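Reviewing the structure listed below.
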Amino acid sequence: MANIHDIQRDEFQLFGKQARLGYDWWWHSLTAHDAETGEGKAFFIEFFTCNPDLGSKKPVFGQLPGTTDTPVKPSYVMVKAGAWGADGKGQLHRFFGWHEIRLYKGAPFELTAGDCYVTETHTNGHIVVSERQAEEHPEWMSDAGEMSWNLEINKQVAFNVGYGASSPMRRKQWFEMFWHAEGMKTAYQGEIIWNGRRYIVEPDTCYGYADKNWGKGFTTPWVWLSSCDLVSEITGRRLTDSVFDIGGGKPKIGPLVLDRKLLADFWYEGRDYEFNFSKPWTGCRTKFNCYETDTHIVWHVEQSTWKYRMITDITCKKEDMIWVNYEAPNGEKRHKRLWNGGNGTGTVELYCGKKLIDRVRAEHVGCEYGEYDVTEPYSASSR
């Protein structure tokens, strides 16, 4: 069901039980170019909401010092923004209490928090965190820095996962973690100012992405890969109407745990190749292996249906990535090494039976990998 747009899935989802134990976020990632040098740099922007029924005028934090033995359920709207790359990276967080924001919960959604704003077609905002603030407030889980942005959003290709995020499933709230990519290929236009440097965002070179997640908890393992910066290695031709998107890990439907399952779609030059475990009649099967080396994170994913097969191999330099910080709605922070980046590279091979349709070179790959059982003392700073 790729490229079936459904902005109702982008509506605010924290009602019923999820209003007291739930999160809902809208994510954007893209590449911009330095206004002076022309050098590219990858950025991300996210509006993260948590536990509205537990909120008040001021944010409630779950990672306050001294609360690790008895976690506090957080309640706030968090605006997250930052950059990837060895030449300057980080994640910045700005928090608002639920009584400080304005939110239209229907479609199209609209959220205003101070001078930060997001809807289906536009986002702007400003975050500044000083070195002293970052040090004195570990509960913010933030680096130090400053970023502002003003962007038009054009969501061009969607990944609609089908019944798993349909209206009945959203009402029943059976999944622990829902996903909808309304803009797995998104054209952004505007500007970003990152720590004093101005970056220009153009639709043809931003390689943009937009999705949302919501639910009661996070998956482990956590896997995400996506890119629309694609070139055929067979013909050498740039693929201007193509994008792939892979996500998942260990979905939970009520008490049922589905181990090592991924959803994926390759929109290849206007044709859809979907690998969706929630559609058993397609014969979808998945194998994947994600791991760390001394210098890189590595993803190898093999997916097939009765007719098609996709093999995805991506790497990303650790020096370009961050450990992205979230606390769960129950107040725990179990993902302490959730590697997150926007500069992955690699290949995607697409087959019909044994016949190779194309081998595609992918750049500017959005990528994520982490597992709960990888333990390390918590630090708010990015790696």
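Every chain in the structure tokens takes a letter, A first, then B, and so on in the order presented; its residues are numbered from 1, and the ligands are numbered from 1 following the presented order.
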- Message: When you look at A:Tyr76 with a cut-off of 7 Å (counting only C-alpha atoms), what residues show up, excluding the ones that are within fewer than 2 positions of it in the same chain? I need them as a PyMOL selection string.
- Response: chain A and resi 49-50+52+55+59-60+74+78+95-98
As a JSON list (two decimals) with C-alpha atoms, in the first residue's frame, which residues of stretch 159-344 of chain A does DSSP assign to strand (DSSP E or B)?
[["chain", "number", "residue", "atom", "x", "y", "z"],
["A", 159, "PHE", "CA", 4.55, 4.22, 3.11],
["A", 175, "PHE", "CA", 0.41, -2.39, 19.15],
["A", 177, "MET", "CA", 4.63, 0.89, 18.82],
["A", 178, "PHE", "CA", 2.80, 2.16, 15.72],
["A", 179, "TRP", "CA", 4.39, 3.59, 12.56],
["A", 180, "HIS", "CA", 3.23, 5.63, 9.59],
["A", 181, "ALA", "CA", 5.51, 7.28, 7.00],
["A", 182, "GLU", "CA", 3.31, 9.91, 5.32],
["A", 183, "GLY", "CA", 6.43, 11.33, 3.67],
["A", 184, "MET", "CA", 9.03, 8.60, 3.20],
["A", 185, "LYS", "CA", 10.05, 10.84, 0.31],
["A", 186, "THR", "CA", 9.62, 14.49, 1.28],
["A", 187, "ALA", "CA", 10.76, 17.69, -0.43],
["A", 188, "TYR", "CA", 11.74, 20.45, 2.00],
["A", 189, "GLN", "CA", 12.55, 24.06, 1.19],
["A", 190, "GLY", "CA", 13.83, 26.82, 3.44],
["A", 191, "GLU", "CA", 16.76, 27.39, 5.77],
["A", 192, "ILE", "CA", 18.42, 26.10, 8.92],
["A", 193, "ILE", "CA", 20.83, 27.96, 11.18],
["A", 194, "TRP", "CA", 23.05, 25.58, 13.15],
["A", 197, "ARG", "CA", 26.09, 28.89, 10.31],
["A", 198, "ARG", "CA", 23.31, 29.22, 7.72],
["A", 199, "TYR", "CA", 22.26, 26.26, 5.61],
["A", 200, "ILE", "CA", 20.00, 26.32, 2.56],
["A", 201, "VAL", "CA", 17.41, 23.59, 1.99],
["A", 208, "GLY", "CA", 14.00, 14.42, 2.88],
["A", 209, "TYR", "CA", 12.01, 12.04, 5.03],
["A", 210, "ALA", "CA", 9.00, 12.44, 7.38],
["A", 211, "ASP", "CA", 7.18, 9.88, 9.52],
["A", 212, "LYS", "CA", 5.61, 9.39, 12.91],
["A", 213, "ASN", "CA", 5.64, 6.80, 15.70],
["A", 214, "TRP", "CA", 3.33, 6.43, 18.65],
["A", 215, "GLY", "CA", 2.43, 3.90, 21.32],
["A", 222, "TRP", "CA", 15.14, -0.99, 16.91],
["A", 223, "VAL", "CA", 15.87, -0.85, 13.18],
["A", 224, "TRP", "CA", 15.26, 1.92, 10.65],
["A", 225, "LEU", "CA", 16.73, 2.55, 7.17],
["A", 226, "SER", "CA", 15.51, 4.94, 4.46],
["A", 227, "SER", "CA", 16.82, 6.92, 1.50],
["A", 229, "ASP", "CA", 19.16, 9.52, -2.83],
["A", 230, "LEU", "CA", 19.39, 6.55, -5.19],
["A", 231, "VAL", "CA", 21.39, 5.80, -8.35],
["A", 232, "SER", "CA", 21.19, 2.62, -10.44],
["A", 238, "ARG", "CA", 19.62, 8.75, -10.94],
["A", 243, "VAL", "CA", 12.65, 5.66, -2.20],
["A", 244, "PHE", "CA", 13.00, 2.75, 0.20],
["A", 245, "ASP", "CA", 11.98, 2.51, 3.85],
["A", 246, "ILE", "CA", 12.60, -0.29, 6.38],
["A", 247, "GLY", "CA", 11.57, -0.31, 10.04],
["A", 248, "GLY", "CA", 10.70, -2.47, 13.01],
["A", 249, "GLY", "CA", 12.40, -4.98, 15.25],
["A", 252, "LYS", "CA", 4.20, -6.44, 20.23],
["A", 253, "ILE", "CA", 0.44, -6.87, 19.74],
["A", 256, "LEU", "CA", 1.88, -11.44, 21.50],
["A", 257, "VAL", "CA", 5.54, -10.79, 20.64],
["A", 261, "LYS", "CA", 10.01, -8.60, 12.09],
["A", 262, "LEU", "CA", 10.54, -5.65, 9.74],
["A", 263, "LEU", "CA", 8.20, -3.68, 7.52],
["A", 264, "ALA", "CA", 9.67, -2.44, 4.25],
["A", 265, "ASP", "CA", 8.76, -0.81, 1.00],
["A", 266, "PHE", "CA", 10.74, 0.06, -2.11],
["A", 267, "TRP", "CA", 8.94, 2.59, -4.31],
["A", 268, "TYR", "CA", 11.04, 2.04, -7.44],
["A", 271, "ARG", "CA", 6.19, 0.95, -8.89],
["A", 272, "ASP", "CA", 5.65, -0.50, -5.43],
["A", 273, "TYR", "CA", 7.53, -3.47, -3.96],
["A", 274, "GLU", "CA", 6.27, -4.09, -0.42],
["A", 275, "PHE", "CA", 7.57, -6.53, 2.20],
["A", 285, "ARG", "CA", 9.93, -13.46, 5.11],
["A", 286, "THR", "CA", 12.72, -11.41, 6.71],
["A", 287, "LYS", "CA", 16.24, -12.04, 7.96],
["A", 288, "PHE", "CA", 18.43, -9.26, 9.29],
["A", 289, "ASN", "CA", 21.69, -8.72, 11.12],
["A", 290, "CYS", "CA", 22.76, -5.42, 12.65],
["A", 291, "TYR", "CA", 26.01, -4.97, 14.55],
["A", 292, "GLU", "CA", 28.82, -2.63, 15.56],
["A", 296, "HIS", "CA", 30.80, 1.59, 11.85],
["A", 297, "ILE", "CA", 27.24, 0.40, 12.40],
["A", 298, "VAL", "CA", 26.30, -2.28, 9.86],
["A", 299, "TRP", "CA", 22.86, -3.39, 8.62],
["A", 300, "HIS", "CA", 22.19, -6.45, 6.44],
["A", 301, "VAL", "CA", 18.52, -7.10, 5.63],
["A", 302, "GLU", "CA", 17.07, -9.81, 3.37],
["A", 303, "GLN", "CA", 13.34, -9.73, 2.64],
["A", 304, "SER", "CA", 11.22, -11.73, 0.22],
["A", 308, "TYR", "CA", 10.09, -10.45, -5.11],
["A", 309, "ARG", "CA", 13.24, -10.20, -3.02],
["A", 310, "MET", "CA", 15.16, -7.21, -1.63],
["A", 311, "ILE", "CA", 18.65, -7.29, -0.12],
["A", 312, "THR", "CA", 19.80, -4.17, 1.70],
["A", 313, "ASP", "CA", 23.36, -3.54, 2.92],
["A", 314, "ILE", "CA", 24.06, -0.24, 4.69],
["A", 315, "THR", "CA", 26.88, 1.10, 6.84],
["A", 316, "CYS", "CA", 27.28, 4.38, 8.71],
["A", 317, "LYS", "CA", 30.35, 5.78, 10.44],
["A", 322, "ILE", "CA", 24.57, 10.20, 17.81],
["A", 323, "TRP", "CA", 23.03, 8.16, 20.58],
["A", 339, "TRP", "CA", 22.60, 4.72, 17.24],
["A", 340, "ASN", "CA", 20.99, 7.30, 14.95],
["A", 341, "GLY", "CA", 22.37, 8.86, 11.77],
["A", 342, "GLY", "CA", 21.61, 10.46, 8.43],
["A", 343, "ASN", "CA", 24.79, 9.75, 6.46],
["A", 344, "GLY", "CA", 24.54, 6.03, 5.80]]
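Residues lying within 8 Å of A:Ser142, counting only C-alpha atoms and ignoring same-chain neighbours fewer than 2 positions away, are A:Gln91, A:Leu92, A:His93, A:Val129, A:Ala134, A:Pro138, A:Trp140, A:Ala144, A:Asn325, A:Ala380, A:Ser381.
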- Note on the structure: Counting only C-alpha atoms, the residue among A:Lys333, A:Thr121, A:Phe44, A:Trp26 that lies closest to A:Val77 is A:Trp26
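Reported to one decimal place, the separation of atom CA of A:His364 from atom CA of A:Arg260 is 25.1 Å.
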- Mind checking DSSP for stretch 205-354 of chain A and telling me the helix (DSSP H, G or I) residues as a ChimeraX atom specification? /A:280-282,318-320
Residues of the last selection are to be written out with C-alpha atoms, as a PDB file, in the first residue's frame.
ATOM      1  CA  PRO A 280       0.750 -13.221   5.351  1.00  0.00           C
ATOM      2  CA  TRP A 281      -0.807 -14.016   1.967  1.00  0.00           C
ATOM      3  CA  THR A 282       2.246 -12.416   0.312  1.00  0.00           C
ATOM      4  CA  LYS A 318      29.969   5.990  14.200  1.00  0.00           C
ATOM      5  CA  GLU A 319      31.702   9.362  14.193  1.00  0.00           C
ATOM      6  CA  ASP A 320      28.801  10.733  12.109  1.00  0.00           C
TER       7      ASP A 320
END
